[in-house]
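Enquirer: Pasting model.tsv here (TSV, C-alpha atoms):
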```tsv
chain	number	residue	atom	x	y	z
V	221	VAL	CA	41.86	-22.59	-40.41
V	222	VAL	CA	39.37	-20.42	-42.29
V	223	THR	CA	35.75	-21.28	-43.09
V	224	THR	CA	33.88	-19.69	-46.01
V	225	ILE	CA	30.20	-18.83	-45.34
V	226	SER	CA	27.77	-19.32	-48.22
V	227	GLY	CA	24.06	-18.60	-48.39
V	228	THR	CA	22.05	-16.77	-45.72
V	229	ASP	CA	23.58	-17.03	-42.26
V	230	PRO	CA	21.42	-16.49	-39.11
V	231	ARG	CA	24.29	-14.79	-37.30
V	232	GLY	CA	24.30	-11.92	-39.79
V	233	LEU	CA	27.45	-12.97	-41.71
V	234	SER	CA	27.70	-12.04	-45.37
V	235	PRO	CA	27.83	-14.86	-47.99
V	236	GLY	CA	31.39	-15.72	-48.89
V	237	ALA	CA	32.83	-14.11	-45.76
V	238	ALA	CA	35.86	-15.82	-44.28
V	239	VAL	CA	35.72	-16.46	-40.56
V	240	SER	CA	37.68	-18.57	-38.14
V	241	PRO	CA	36.21	-21.32	-35.94
V	242	GLN	CA	37.14	-19.20	-32.92
V	243	SER	CA	35.01	-16.34	-34.30
V	244	ILE	CA	32.07	-18.66	-34.86
V	245	SER	CA	32.48	-20.02	-31.32
V	246	ARG	CA	32.46	-16.53	-29.85
V	247	ARG	CA	29.30	-15.63	-31.80
V	248	MET	CA	27.56	-18.85	-30.79
V	249	SER	CA	28.33	-18.23	-27.10
V	250	THR	CA	27.02	-14.67	-27.08
V	251	PRO	CA	24.05	-14.59	-24.63
V	252	THR	CA	20.67	-13.90	-26.17
V	253	ALA	CA	18.18	-11.38	-24.75
V	254	GLU	CA	16.44	-12.66	-21.62
V	255	LEU	CA	12.70	-13.15	-21.62
V	256	PRO	CA	10.68	-10.67	-19.53
V	257	HIS	CA	10.47	-11.73	-15.89
V	258	ARG	CA	7.07	-12.97	-14.81
V	259	PRO	CA	6.30	-12.89	-11.09
V	260	ALA	CA	5.21	-16.11	-9.42
V	261	PRO	CA	1.47	-16.64	-8.83
V	262	LEU	CA	0.09	-14.91	-5.73
V	263	ARG	CA	-0.30	-18.13	-3.79
V	264	GLN	CA	3.37	-18.95	-4.25
V	265	ARG	CA	4.34	-15.47	-2.99
V	266	ALA	CA	2.19	-15.71	0.16
V	267	ARG	CA	3.71	-15.48	3.64
V	268	ALA	CA	2.64	-15.49	7.27
V	269	PRO	CA	1.21	-12.16	8.54
V	270	LEU	CA	3.28	-9.78	10.65
V	271	PRO	CA	1.98	-8.75	14.11
V	272	GLU	CA	1.14	-5.25	12.84
V	273	GLU	CA	-0.82	-6.80	9.96
V	274	LEU	CA	-2.82	-9.00	12.32
V	275	ALA	CA	-3.80	-5.84	14.18
V	276	MET	CA	-5.50	-4.64	10.96
V	277	VAL	CA	-7.93	-7.60	10.89
V	278	PRO	CA	-11.08	-6.20	12.56
V	279	TRP	CA	-12.84	-9.50	13.31
V	280	LEU	CA	-9.93	-11.23	15.08
V	281	GLU	CA	-10.97	-9.64	18.38
V	282	LEU	CA	-14.32	-11.48	18.15
V	283	LEU	CA	-12.68	-14.91	18.43
V	284	ASP	CA	-11.87	-16.96	21.51
V	285	ALA	CA	-8.33	-18.17	22.21
V	286	THR	CA	-8.67	-21.46	20.30
V	287	GLU	CA	-10.25	-19.79	17.27
V	288	HIS	CA	-7.72	-16.97	17.32
V	289	ALA	CA	-4.77	-19.40	17.35
V	290	ARG	CA	-6.12	-21.43	14.43
V	291	VAL	CA	-6.89	-18.35	12.34
V	292	VAL	CA	-3.47	-16.78	12.93
V	293	ALA	CA	-1.84	-20.03	11.81
V	294	ALA	CA	-4.04	-20.19	8.69
V	295	LEU	CA	-3.93	-16.56	7.52
V	296	GLN	CA	-1.69	-15.79	4.54
V	297	VAL	CA	-0.56	-12.38	3.29
V	298	VAL	CA	0.68	-11.37	-0.15
V	299	GLU	CA	1.85	-8.20	-1.89
V	300	ALA	CA	-0.27	-7.78	-5.03
V	301	SER	CA	0.55	-5.36	-7.85
V	302	PRO	CA	-1.33	-4.08	-10.91
V	303	GLY	CA	-1.59	-6.98	-13.34
V	304	ASP	CA	-2.20	-9.55	-10.60
V	305	TYR	CA	-5.64	-11.06	-10.08
V	306	VAL	CA	-6.74	-11.60	-6.49
V	307	CYS	CA	-10.00	-13.05	-7.86
V	308	LYS	CA	-10.57	-13.94	-11.51
V	309	ILE	CA	-13.80	-14.73	-13.33
V	310	GLY	CA	-14.25	-18.50	-13.66
V	311	ARG	CA	-11.82	-19.49	-10.90
V	312	GLN	CA	-13.08	-21.51	-7.96
V	313	ALA	CA	-13.36	-19.52	-4.73
V	314	ASN	CA	-11.09	-21.02	-2.07
V	315	TYR	CA	-10.22	-17.99	0.11
V	316	TRP	CA	-11.87	-15.15	1.98
V	317	PHE	CA	-9.84	-12.01	1.29
V	318	GLY	CA	-9.14	-8.78	3.14
V	319	VAL	CA	-7.31	-5.60	2.14
V	320	LEU	CA	-4.68	-4.53	4.67
V	321	ASP	CA	-3.19	-1.75	2.58
V	322	GLY	CA	-3.62	-0.32	-0.92
V	323	LEU	CA	-6.65	-0.23	-3.20
V	324	LEU	CA	-8.36	-2.90	-5.31
V	325	LYS	CA	-11.19	-2.73	-7.82
V	326	MET	CA	-14.01	-5.15	-8.59
V	327	SER	CA	-14.87	-5.30	-12.30
V	328	ASN	CA	-16.39	-7.37	-15.06
V	329	ASP	CA	-14.67	-9.20	-17.92
V	330	SER	CA	-13.87	-6.31	-20.27
V	331	SER	CA	-12.98	-8.69	-23.11
V	332	LEU	CA	-16.69	-9.41	-23.55
V	333	GLY	CA	-17.61	-5.78	-24.12
V	334	PHE	CA	-17.67	-2.49	-22.20
V	335	ALA	CA	-15.53	-2.42	-19.05
V	336	ILE	CA	-17.54	-1.91	-15.85
V	337	THR	CA	-16.04	-1.23	-12.42
V	338	PHE	CA	-18.52	-2.36	-9.76
V	339	THR	CA	-16.78	-0.86	-6.75
V	340	GLY	CA	-13.46	0.01	-5.16
V	341	VAL	CA	-12.09	-2.11	-2.31
V	342	PRO	CA	-10.06	0.01	0.15
V	343	PRO	CA	-8.21	-0.96	3.37
V	344	GLY	CA	-10.25	-2.78	6.02
V	345	ALA	CA	-12.48	-4.51	3.47
V	346	TRP	CA	-13.11	-8.27	3.62
V	347	PHE	CA	-14.84	-9.70	0.59
V	348	GLY	CA	-15.86	-12.86	-1.25
V	349	GLU	CA	-17.89	-14.46	1.55
V	350	GLY	CA	-20.98	-14.79	-0.65
V	351	THR	CA	-19.09	-16.71	-3.31
V	352	LEU	CA	-17.55	-18.96	-0.67
V	353	LEU	CA	-20.90	-19.69	0.97
V	354	LYS	CA	-22.39	-20.70	-2.38
V	355	ARG	CA	-19.21	-22.59	-3.38
V	356	GLU	CA	-19.27	-20.88	-6.73
V	357	VAL	CA	-16.64	-19.69	-9.16
V	358	TYR	CA	-15.96	-15.95	-9.24
V	359	ARG	CA	-18.27	-13.88	-11.42
V	360	TYR	CA	-16.06	-10.79	-11.12
V	361	ASN	CA	-12.41	-9.81	-11.22
V	362	ILE	CA	-10.60	-8.29	-8.25
V	363	GLU	CA	-7.28	-6.64	-9.11
V	364	PRO	CA	-5.03	-3.98	-7.56
V	365	LEU	CA	-5.06	-0.39	-8.78
V	366	ARG	CA	-1.68	-0.01	-7.07
V	367	LYS	CA	0.62	-2.16	-4.93
V	368	SER	CA	-1.55	-3.60	-2.18
V	369	THR	CA	-1.24	-5.94	0.80
V	370	VAL	CA	-3.95	-8.60	0.80
V	371	ALA	CA	-4.73	-11.25	3.43
V	372	GLY	CA	-6.47	-14.55	2.73
V	373	LEU	CA	-8.23	-17.12	4.93
V	374	ASP	CA	-8.76	-20.56	3.39
V	375	ILE	CA	-12.29	-21.87	2.95
V	376	ALA	CA	-11.83	-24.74	5.42
V	377	THR	CA	-10.98	-22.35	8.27
V	378	PHE	CA	-13.69	-19.91	7.18
V	379	GLU	CA	-16.35	-22.65	7.34
V	380	TRP	CA	-14.94	-23.94	10.63
V	381	LEU	CA	-15.44	-20.47	12.15
V	382	LEU	CA	-19.00	-20.30	10.82
V	383	GLU	CA	-19.78	-23.63	12.50
V	384	ARG	CA	-18.20	-22.63	15.81
V	385	SER	CA	-18.36	-18.88	16.43
V	386	ILE	CA	-21.63	-16.95	16.86
V	387	PRO	CA	-19.84	-13.54	16.93
V	388	PHE	CA	-18.09	-14.40	13.65
V	389	ASN	CA	-21.43	-15.41	12.11
V	390	ARG	CA	-22.89	-12.05	13.10
V	391	TYR	CA	-19.92	-10.27	11.55
V	392	VAL	CA	-20.37	-12.09	8.23
V	393	MET	CA	-24.15	-11.53	8.24
V	394	ASN	CA	-23.59	-7.83	8.84
V	395	GLN	CA	-21.10	-7.75	5.97
V	396	LEU	CA	-23.63	-9.31	3.60
V	397	ASN	CA	-26.36	-6.90	4.69
V	398	GLU	CA	-24.20	-3.80	4.32
V	399	ARG	CA	-22.87	-4.97	0.96
V	400	LEU	CA	-26.42	-5.42	-0.33
V	401	GLY	CA	-27.18	-1.83	0.61
V	402	GLN	CA	-23.96	-0.71	-1.05
V	403	PHE	CA	-24.81	-2.35	-4.37
V	404	ILE	CA	-28.33	-0.93	-4.34
V	405	ALA	CA	-26.77	2.52	-3.89
V	406	ALA	CA	-24.26	1.77	-6.67
V	407	ARG	CA	-27.14	0.96	-9.00
V	408	GLU	CA	-28.60	4.38	-8.26
V	409	ILE	CA	-25.23	6.10	-8.80
V	410	ASP	CA	-24.87	4.46	-12.23
V	411	ARG	CA	-28.12	6.13	-13.32
V	412	LEU	CA	-27.05	9.62	-12.27
V	413	ASN	CA	-26.22	11.95	-15.12
V	414	ASP	CA	-24.46	14.64	-13.09
V	415	PRO	CA	-20.71	13.89	-12.75
V	416	ASP	CA	-20.32	15.88	-9.50
V	417	THR	CA	-23.02	13.85	-7.77
V	418	ARG	CA	-21.57	10.59	-9.11
V	419	VAL	CA	-18.15	11.46	-7.71
V	420	ALA	CA	-19.66	12.53	-4.37
V	421	ARG	CA	-21.75	9.39	-3.91
V	422	SER	CA	-18.98	7.07	-5.13
V	423	LEU	CA	-16.48	8.70	-2.81
V	424	ALA	CA	-18.87	8.39	0.12
V	425	ALA	CA	-19.22	4.66	-0.59
V	426	LEU	CA	-15.46	4.23	-0.06
V	427	PHE	CA	-15.78	5.70	3.46
V	428	HIS	CA	-18.19	3.01	4.67
V	429	PRO	CA	-17.38	2.54	8.39
V	430	VAL	CA	-18.62	-1.08	8.51
V	431	LEU	CA	-17.33	-2.46	5.22
V	432	TYR	CA	-14.11	-0.42	5.16
V	433	PRO	CA	-13.09	0.30	8.78
V	434	GLY	CA	-9.45	0.76	7.80
V	435	VAL	CA	-10.09	3.95	5.83
V	436	GLY	CA	-10.98	6.34	8.68
V	437	THR	CA	-11.46	9.89	7.45
V	438	LEU	CA	-8.52	9.95	4.98
V	439	LEU	CA	-8.54	7.80	1.86
V	440	ARG	CA	-5.24	7.34	0.06
V	441	ILE	CA	-6.38	7.57	-3.54
V	442	THR	CA	-5.28	9.48	-6.63
V	443	GLN	CA	-7.64	11.31	-8.94
V	444	GLN	CA	-6.74	8.87	-11.71
V	445	GLU	CA	-7.71	5.91	-9.50
V	446	LEU	CA	-10.98	7.57	-8.53
V	447	GLY	CA	-11.64	8.17	-12.21
V	448	TYR	CA	-11.26	4.43	-12.89
V	449	LEU	CA	-13.80	3.64	-10.17
V	450	VAL	CA	-16.34	6.29	-11.19
V	451	GLY	CA	-15.93	5.94	-14.95
V	452	LEU	CA	-14.85	9.54	-15.59
V	453	SER	CA	-11.68	11.19	-16.83
V	454	ARG	CA	-9.10	12.42	-14.33
V	455	GLN	CA	-9.77	15.99	-15.47
V	456	ARG	CA	-13.52	15.68	-14.82
V	457	VAL	CA	-12.89	14.07	-11.43
V	458	ASN	CA	-10.55	16.94	-10.53
V	459	GLU	CA	-13.29	19.45	-11.38
V	460	ALA	CA	-15.84	17.57	-9.29
V	461	LEU	CA	-13.50	17.27	-6.30
V	462	ARG	CA	-12.76	20.99	-6.32
V	463	SER	CA	-16.49	21.69	-6.38
V	464	LEU	CA	-17.04	19.36	-3.39
V	465	GLN	CA	-14.14	21.01	-1.57
V	466	ALA	CA	-15.67	24.44	-2.17
V	467	GLU	CA	-18.89	23.17	-0.55
V	468	GLY	CA	-16.92	22.11	2.54
V	469	LEU	CA	-17.60	18.39	2.11
V	470	ILE	CA	-14.03	17.19	1.51
V	471	ALA	CA	-10.45	18.41	1.72
V	472	ILE	CA	-8.00	17.57	-1.06
V	473	GLU	CA	-4.72	16.62	0.62
V	474	TYR	CA	-1.39	15.37	-0.64
V	475	GLY	CA	-1.87	11.77	-1.75
V	476	GLY	CA	-5.48	11.47	-0.66
V	477	LEU	CA	-8.89	12.87	0.17
V	478	ARG	CA	-10.29	13.71	3.61
V	479	VAL	CA	-14.03	13.65	4.19
V	480	LEU	CA	-15.30	16.52	6.34
V	481	ASP	CA	-19.06	15.83	6.14
V	482	LEU	CA	-19.87	12.21	5.25
V	483	PRO	CA	-23.69	12.42	5.62
V	484	ALA	CA	-23.80	15.46	3.31
V	485	LEU	CA	-21.54	13.69	0.82
V	486	ARG	CA	-23.90	10.69	0.75
V	487	ARG	CA	-26.97	12.80	-0.01
V	488	HIS	CA	-25.20	15.25	-2.32
V	489	VAL	CA	-27.25	16.66	-5.16
V	490	HIS	CA	-25.69	18.97	-7.74
V	491	ARG	CA	-26.72	22.58	-7.25
V	492	GLY	CA	-25.53	23.88	-10.60
V	493	VAL	CA	-27.22	26.77	-12.38
```
Could I get this file's structure written as structure tokens?

Expert:
Amino acid sequence: VVTTISGTDPRGLSPGAAVSPQSISRRMSTPTAELPHRPAPLRQRARAPLPEELAMVPWLELLDATEHARVVAALQVVEASPGDYVCKIGRQANYWFGVLDGLLKMSNDSSLGFAITFTGVPPGAWFGEGTLLKREVYRYNIEPLRKSTVAGLDIATFEWLLERSIPFNRYVMNQLNERLGQFIAAREIDRLNDPDTRVARSLAALFHPVLYPGVGTLLRITQQELGYLVGLSRQRVNEALRSLQAEGLIAIEYGGLRVLDLPALRRHVHRGV
């Protein structure tokens, strides 16, 4: 049996071409291109923390046995990648988050105008407590600059700890106080015209021993990532880092930067001619 095709055919057959039903069947059964895979939302990808990940949570040691057990049962961990949003402008805040590994950035909604990165969020950082306490929606985006491991504590457990634990309250109060100082310093950095000083001060902010205890003296960051945080090109960041290294303030190592003199980095002023 032969069928004659007339008119425009969506399978690319010429008008008047003779084809068999078997040929048409084979063409109809040919699989079409698959749609791009979209990962599940972060909450659906969450899992229980591993023992080594629990060891990275600095405030767990402040809790008594009952509090510790409830928190360990409530904590969730997820692997976030560039393109994911840990926090998104307009979403209701329901979790207190911490960075176990990787690097995040806090930024504005770039669709409304010029993109602004408020700060980087390196390992050891716990953030979002202010938004939780006010029961607000997020007024900033938090997203990974590279693959990162993020922990989350639900708001019910967070508030339960605030009601019960004095040491935990002190930890959160200290976080809020240090973060206020950090954003005042960030305001000053934004007004600096010298790129070397901006890089120095911004880099020093990522080595905050209270807000980011997981960093230590070596920060795993690329020059491109630092450029995103500072608002400079990778080439200009490279020039600034080499200048800071020549002054003995940092050491550029494979895959990261080591701070040799943190106080001097914090008060750095360009000494150009």

Enquirer: Calculate how many Å separate atom CA of Ser453 of chain V from atom CA of Ala471 of chain V, rounding to one decimal.

Expert: 19.9 Å

Enquirer: For the interface of segment 258-364 of chain V with segment 409-421 of chain V (cut-off 12 Å, counting all atoms listed in the file), please tabulate each contacting residue of segment 258-364 of chain V alongside its nearest pair of atoms and their separation in Å to one decimal, rows sorted by chain and increasing number, as CSV.

Expert:
```
residue,atom,partner,partner_atom,distance
V:Ile336,CA,V:Asp410,CA,10.4
V:Thr337,CA,V:Asp410,CA,10.5
V:Phe338,CA,V:Asp410,CA,9.6
V:Thr339,CA,V:Asp410,CA,11.1
```

Enquirer: Compare V:Leu426, V:Ala266, V:Leu353, V:Val306 by their minimum atom-to-atom distance to Leu485 of chain V, counting all atoms listed in the file, and give me the closest one.

Expert: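 Result for the nearest residue to Leu485 of chain V: V:Leu426.
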
Enquirer: Residues around (-26.0, 12.3, 1.6), cut-off 12 Å, counting only C-alpha atoms - what are they as a list in words?

Expert: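 These residues have at least one counted atom within 12 Å: Ala405, Thr417, Arg418, Ala420, Arg421, Ser422, Leu423, Ala424, Ala425, Leu469, Asp481, Leu482, Pro483, Ala484, Leu485, Arg486, Arg487, His488, Val489 and His490 of chain V.
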
Enquirer: Compile the contact shell of segment 391-398 of chain V as a short mmCIF file (atom, residue, chain, number, x, y, z; two decimals) with C-alpha atoms, in the frame of the given file: residues with an atom at most 9 Å away, counting all atoms listed in the file, same-chain residues fewer than 5 positions apart removed.

Expert:
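Result saved to selection.cif:
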```cif
data_model
loop_
_atom_site.label_atom_id
_atom_site.label_comp_id
_atom_site.auth_asym_id
_atom_site.auth_seq_id
_atom_site.Cartn_x
_atom_site.Cartn_y
_atom_site.Cartn_z
CA TRP V 279 -12.84 -9.50 13.31
CA LEU V 282 -14.32 -11.48 18.15
CA TRP V 346 -13.11 -8.27 3.62
CA PHE V 347 -14.84 -9.70 0.59
CA GLU V 349 -17.89 -14.46 1.55
CA GLY V 350 -20.98 -14.79 -0.65
CA LEU V 382 -19.00 -20.30 10.82
CA ILE V 386 -21.63 -16.95 16.86
CA PHE V 403 -24.81 -2.35 -4.37
CA VAL V 430 -18.62 -1.08 8.51
CA LEU V 431 -17.33 -2.46 5.22
#
```

Enquirer: If I wrap all listed atoms of segment 415-430 of chain V in a box with edges along x, y and z and add 6 Å on each side, what are its centre and edge lengths in Å to one decimal, as AutoDock Vina command-line options?

Expert:
```
--center_x -19.2 --center_y 7.4 --center_z -2.1 --size_x 19.6 --size_y 29.0 --size_z 33.3
```

Enquirer: Counting all atoms listed in the file, which of V:Tyr360, V:Gly310, V:Asp321, V:Thr369 gets nearest to Val297 of chain V?

Expert: V:Thr369

Enquirer: Atom CA of Ser385 of chain V to atom CA of His288 of chain V: how many Å, to one decimal?

Expert: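 Atom-to-atom, atom CA of Ser385 of chain V and atom CA of His288 of chain V are spaced 10.8 Å apart.
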
Enquirer: When you draw a straight line from atom CA of Ile441 of chain V to atom CA of Val319 of chain V, how long is it in Å?

Expert: 14.4 Å

Enquirer: With all atoms listed in the file as the basis for distance, which of V:Arg263, V:Pro364, V:Gly468, V:Ala406 is at the shortest distance from Val450 of chain V?

Expert: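 Closest residue, counting all atoms listed in the file: V:Ala406.
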
Enquirer: Can you list, as a list of chain:residue names, every protein, DNA or RNA residue that comes within 8 Å of segment 340-344 of chain V when you count all atoms listed in the file, leaving out same-chain residues fewer than 3 positions away?

Expert: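 Counting all atoms listed in the file, the residues come to V:Met276, V:Val277, V:Pro278, V:Gly318, V:Val319, V:Leu320, V:Asp321, V:Gly322, V:Leu323, V:Leu324, V:Lys325, V:Met326, V:Thr337, V:Leu426, V:Leu431, V:Tyr432, V:Pro433, V:Gly434, V:Val435, V:Leu449.
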
Enquirer: Just the selected residues (C-alpha atoms), exported as an mmCIF file, in the coordinates of the input, please.

Expert:
```cif
data_model
loop_
_atom_site.group_PDB
_atom_site.id
_atom_site.type_symbol
_atom_site.label_atom_id
_atom_site.label_comp_id
_atom_site.auth_asym_id
_atom_site.auth_seq_id
_atom_site.Cartn_x
_atom_site.Cartn_y
_atom_site.Cartn_z
ATOM 1 C CA MET V 276 -5.500 -4.640 10.960
ATOM 2 C CA VAL V 277 -7.930 -7.600 10.890
ATOM 3 C CA PRO V 278 -11.080 -6.200 12.560
ATOM 4 C CA GLY V 318 -9.140 -8.780 3.140
ATOM 5 C CA VAL V 319 -7.310 -5.600 2.140
ATOM 6 C CA LEU V 320 -4.680 -4.530 4.670
ATOM 7 C CA ASP V 321 -3.190 -1.750 2.580
ATOM 8 C CA GLY V 322 -3.620 -0.320 -0.920
ATOM 9 C CA LEU V 323 -6.650 -0.230 -3.200
ATOM 10 C CA LEU V 324 -8.360 -2.900 -5.310
ATOM 11 C CA LYS V 325 -11.190 -2.730 -7.820
ATOM 12 C CA MET V 326 -14.010 -5.150 -8.590
ATOM 13 C CA THR V 337 -16.040 -1.230 -12.420
ATOM 14 C CA LEU V 426 -15.460 4.230 -0.060
ATOM 15 C CA LEU V 431 -17.330 -2.460 5.220
ATOM 16 C CA TYR V 432 -14.110 -0.420 5.160
ATOM 17 C CA PRO V 433 -13.090 0.300 8.780
ATOM 18 C CA GLY V 434 -9.450 0.760 7.800
ATOM 19 C CA VAL V 435 -10.090 3.950 5.830
ATOM 20 C CA LEU V 449 -13.800 3.640 -10.170
#
```

Enquirer: Any idea what's packed within 8 Å of Arg478 of chain V, counting all atoms listed in the file, ignoring anything in its chain fewer than 5 positions away? Could you give it as a VMD selection string?

Expert: chain V and resid 437 to 439 470 to 473

Enquirer: Emit the selected residues as a PDB file, keeping the file's coordinate frame, including C-alpha atoms.

Expert:
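result.pdb, freshly written:
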```pdb
ATOM      1  CA  THR V 437     -11.460   9.890   7.450  1.00  0.00           C
ATOM      2  CA  LEU V 438      -8.520   9.950   4.980  1.00  0.00           C
ATOM      3  CA  LEU V 439      -8.540   7.800   1.860  1.00  0.00           C
ATOM      4  CA  ILE V 470     -14.030  17.190   1.510  1.00  0.00           C
ATOM      5  CA  ALA V 471     -10.450  18.410   1.720  1.00  0.00           C
ATOM      6  CA  ILE V 472      -8.000  17.570  -1.060  1.00  0.00           C
ATOM      7  CA  GLU V 473      -4.720  16.620   0.620  1.00  0.00           C
TER       8      GLU V 473
END
```

Enquirer: Considering all atoms listed in the file, return as an MDAnalysis selection string whatever protein or nucleic-acid residues lie within 10 Å of Glu287 of chain V, sequence-local ones (same chain, fewer than 3 positions apart) excluded.

Expert: chainID V and resid 280 282:284 290:292 377 380:381 384:385

Enquirer: Show me, as JSON, numbers by chain, the residues that have an atom within 9 Å of segment 298-301 of chain V when counting all atoms listed in the file, minus same-chain residues fewer than 4 positions from it.

Expert: {"V": [262, 263, 265, 266, 267, 268, 269, 305, 306, 363, 364, 365, 366, 367, 368, 369, 370, 371, 372]}

Enquirer: Identify which of the residues V:Leu270, V:Arg462, V:Ile309, V:Gln402 lies closest to Ser330 of chain V, counting all atoms listed in the file when measuring atom-to-atom distances.

Expert: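 For Ser330 of chain V, the nearest of the candidates is V:Ile309.
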
Enquirer: Identify which of the residues V:Ile362, V:Leu274, V:Val457, V:Leu452 lies closest to Gly303 of chain V, counting only C-alpha atoms when measuring atom-to-atom distances.

Expert: V:Ile362
